[in-house]
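The structure appears below as structure tokens.
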Amino acid sequence: MEKVAIEAVENERNPMKVHSVRKPVSRALGTDHFAMNYFELESGESFSGGLHRHNDQEEVFYVESGTATFEVGLDREAVEVEAGELIRFPPGEFQKGYNDDEATVEGWALGAPGAVHDWDELQSRAYCPECEDETTQDVGMADGTFELTCTECGTTQG
């Protein structure tokens, strides 16, 4: 059995610095098969950055306070999730969650299986200078920063 208070979990921002508060609760609890992160998003901040998908992980977001907006799928359908509501993304569905309101969003990102991401199973949508278009990009981590590789032409950018 493990127990932890949110206040005791160290704040760890992602390398893109797209949010001020991200607390990896699953790491503090020592989970192996379940990911759990607490977020506080100020206006303009996001849970993870750009439109992306986890091919190996189902994700559920719970909004504790405020209203989060999610872009869903390649057509980026906007879905608002208000306090007390949840949204689920199956493995392989593109999504991006953010705060475009004035009030702070407090929320939770829950994922399974796995307590950490398998970088080989994470993809993002980003502009490829070689293709001159937004394409699906494989995501990797190099020297603490994200590295994207276009799945269409193989161009890598960091």
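How things are named: the first chain in the structure tokens is A, the next is B, and so on; residues count from 1 in each chain; ligands count from 1 in the order shown.
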Requested in this report: Can you pull out every residue within 7 Å of region 32-38 of chain A, counting only C-alpha atoms, but drop anything in the same chain fewer than 4 positions away, and send it as a list in words?
Outcome: Arg22, Lys23, Pro24, Val25, Ser26, Gly107, Trp108, Ala109, Leu110, Gly111, Ala112, Pro113, Gly114, Ala115 and Val116 of chain A
Mind running region 18-108 of chain A against region 138-156 of chain A at 12 Å and telling me each contacting residue's nearest atom pair with the distance in Å (one decimal), counting only C-alpha atoms, chain and number ascending, as JSON lines?
```
{"residue": "A:Ser48", "atom": "CA", "partner": "A:Phe146", "partner_atom": "CA", "distance": 11.8}
{"residue": "A:Gly49", "atom": "CA", "partner": "A:Phe146", "partner_atom": "CA", "distance": 11.1}
{"residue": "A:Gly50", "atom": "CA", "partner": "A:Val139", "partner_atom": "CA", "distance": 11.6}
{"residue": "A:Leu51", "atom": "CA", "partner": "A:Val139", "partner_atom": "CA", "distance": 11.9}
{"residue": "A:His52", "atom": "CA", "partner": "A:Val139", "partner_atom": "CA", "distance": 9.3}
{"residue": "A:Arg53", "atom": "CA", "partner": "A:Asp138", "partner_atom": "CA", "distance": 10.1}
{"residue": "A:His54", "atom": "CA", "partner": "A:Val139", "partner_atom": "CA", "distance": 10.3}
{"residue": "A:Asn55", "atom": "CA", "partner": "A:Asp138", "partner_atom": "CA", "distance": 11.0}
```
Keeping only N, CA and C atoms, write the selected residues as a tab-separated table (two decimals), in the first residue's frame.
```
chain	number	residue	atom	x	y	z
A	48	SER	N	-0.49	18.47	-22.63
A	48	SER	CA	0.71	17.85	-23.17
A	48	SER	C	1.34	18.55	-24.37
A	49	GLY	N	0.72	19.55	-24.90
A	49	GLY	CA	1.27	20.20	-26.07
A	49	GLY	C	0.36	20.01	-27.26
A	50	GLY	N	0.90	19.54	-28.37
A	50	GLY	CA	0.15	19.44	-29.61
A	50	GLY	C	-0.72	18.21	-29.73
A	51	LEU	N	-1.44	18.16	-30.84
A	51	LEU	CA	-2.30	17.03	-31.17
A	51	LEU	C	-1.43	15.77	-31.24
A	52	HIS	N	-1.81	14.73	-30.50
A	52	HIS	CA	-0.99	13.52	-30.42
A	52	HIS	C	-1.87	12.30	-30.13
A	53	ARG	N	-1.27	11.12	-30.26
A	53	ARG	CA	-1.98	9.89	-29.91
A	53	ARG	C	-1.00	8.91	-29.28
A	54	HIS	N	-1.57	8.07	-28.41
A	54	HIS	CA	-0.84	6.98	-27.78
A	54	HIS	C	-1.38	5.69	-28.39
A	55	ASN	N	-0.58	5.02	-29.16
A	55	ASN	CA	-1.05	3.79	-29.81
A	55	ASN	C	-1.14	2.62	-28.84
```
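DSSP annotation of chain A from backbone atoms: alpha helix (DSSP H) residues are Val25, Ser26, Arg27, Ala28 and Leu29 of chain A.
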For C-alpha atoms, I'd like the residues from the last selection saved as a PDB file, in the first residue's frame.
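To be explicit, this is the file written out as selection_25.pdb:
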```pdb
ATOM      1  CA  VAL A  25       1.145  10.901  -8.986  1.00  0.00           C
ATOM      2  CA  SER A  26       1.697   7.411 -10.405  1.00  0.00           C
ATOM      3  CA  ARG A  27       5.455   7.806  -9.939  1.00  0.00           C
ATOM      4  CA  ALA A  28       4.964   8.931  -6.330  1.00  0.00           C
ATOM      5  CA  LEU A  29       2.737   5.903  -5.716  1.00  0.00           C
TER       6      LEU A  29
END
```
**Report entry** Given only C-alpha atoms as the counted atoms, nearest of A:Gly44, A:Pro129, A:Gly66, A:Pro91 to Val18 (chain A)
**Finding:** A:Gly44
Report task. Mind checking which residues fall within 6 Å of Glu106 (chain A), counting only C-alpha atoms, ignoring those fewer than 3 positions away in the same chain, and posting them as an MDAnalysis selection string? Result -> chainID A and resid 39:40 64:65
How about saving the chosen residues, C-alpha atoms kept, as a PDB file, in the first residue's frame?
```
ATOM      1  CA  PHE A  39      -2.538  19.237 -13.629  1.00  0.00           C
ATOM      2  CA  GLU A  40      -3.291  22.881 -12.984  1.00  0.00           C
ATOM      3  CA  GLU A  64     -11.998  18.744 -11.298  1.00  0.00           C
ATOM      4  CA  SER A  65     -12.521  22.500 -11.756  1.00  0.00           C
TER       5      SER A  65
END
```
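For the pair CA of Glu93 (chain A) and CA of Thr31 (chain A), the separation is 24.2 Å.
The residue that comes closest to Gly92 (chain A), out of A:Ser20, A:Ser43, A:Gln123, A:Gln157 and on the basis of only C-alpha atoms, is A:Gln123.
Within 9 Å of Gly84 (chain A), once only C-alpha atoms are used and residues closer than 2 positions along the same chain are dropped, the contacting residues are Tyr62, Val63, Glu64, Ser65, Val81, Glu82 and Leu86 of chain A.
As for CA of Ala68 (chain A) and CA of Gly30 (chain A), they are spaced 27.8 Å apart.
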**Report entry** Members of region 8-63 of chain A assigned strand (DSSP E or B) by DSSP, as a PyMOL selection string
**Finding:** chain A and resi 21-24+35-41+46+52-54+58-63
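From CA of Val72 (chain A) back to CA of Cys131 (chain A), the distance works out to 23.2 Å.
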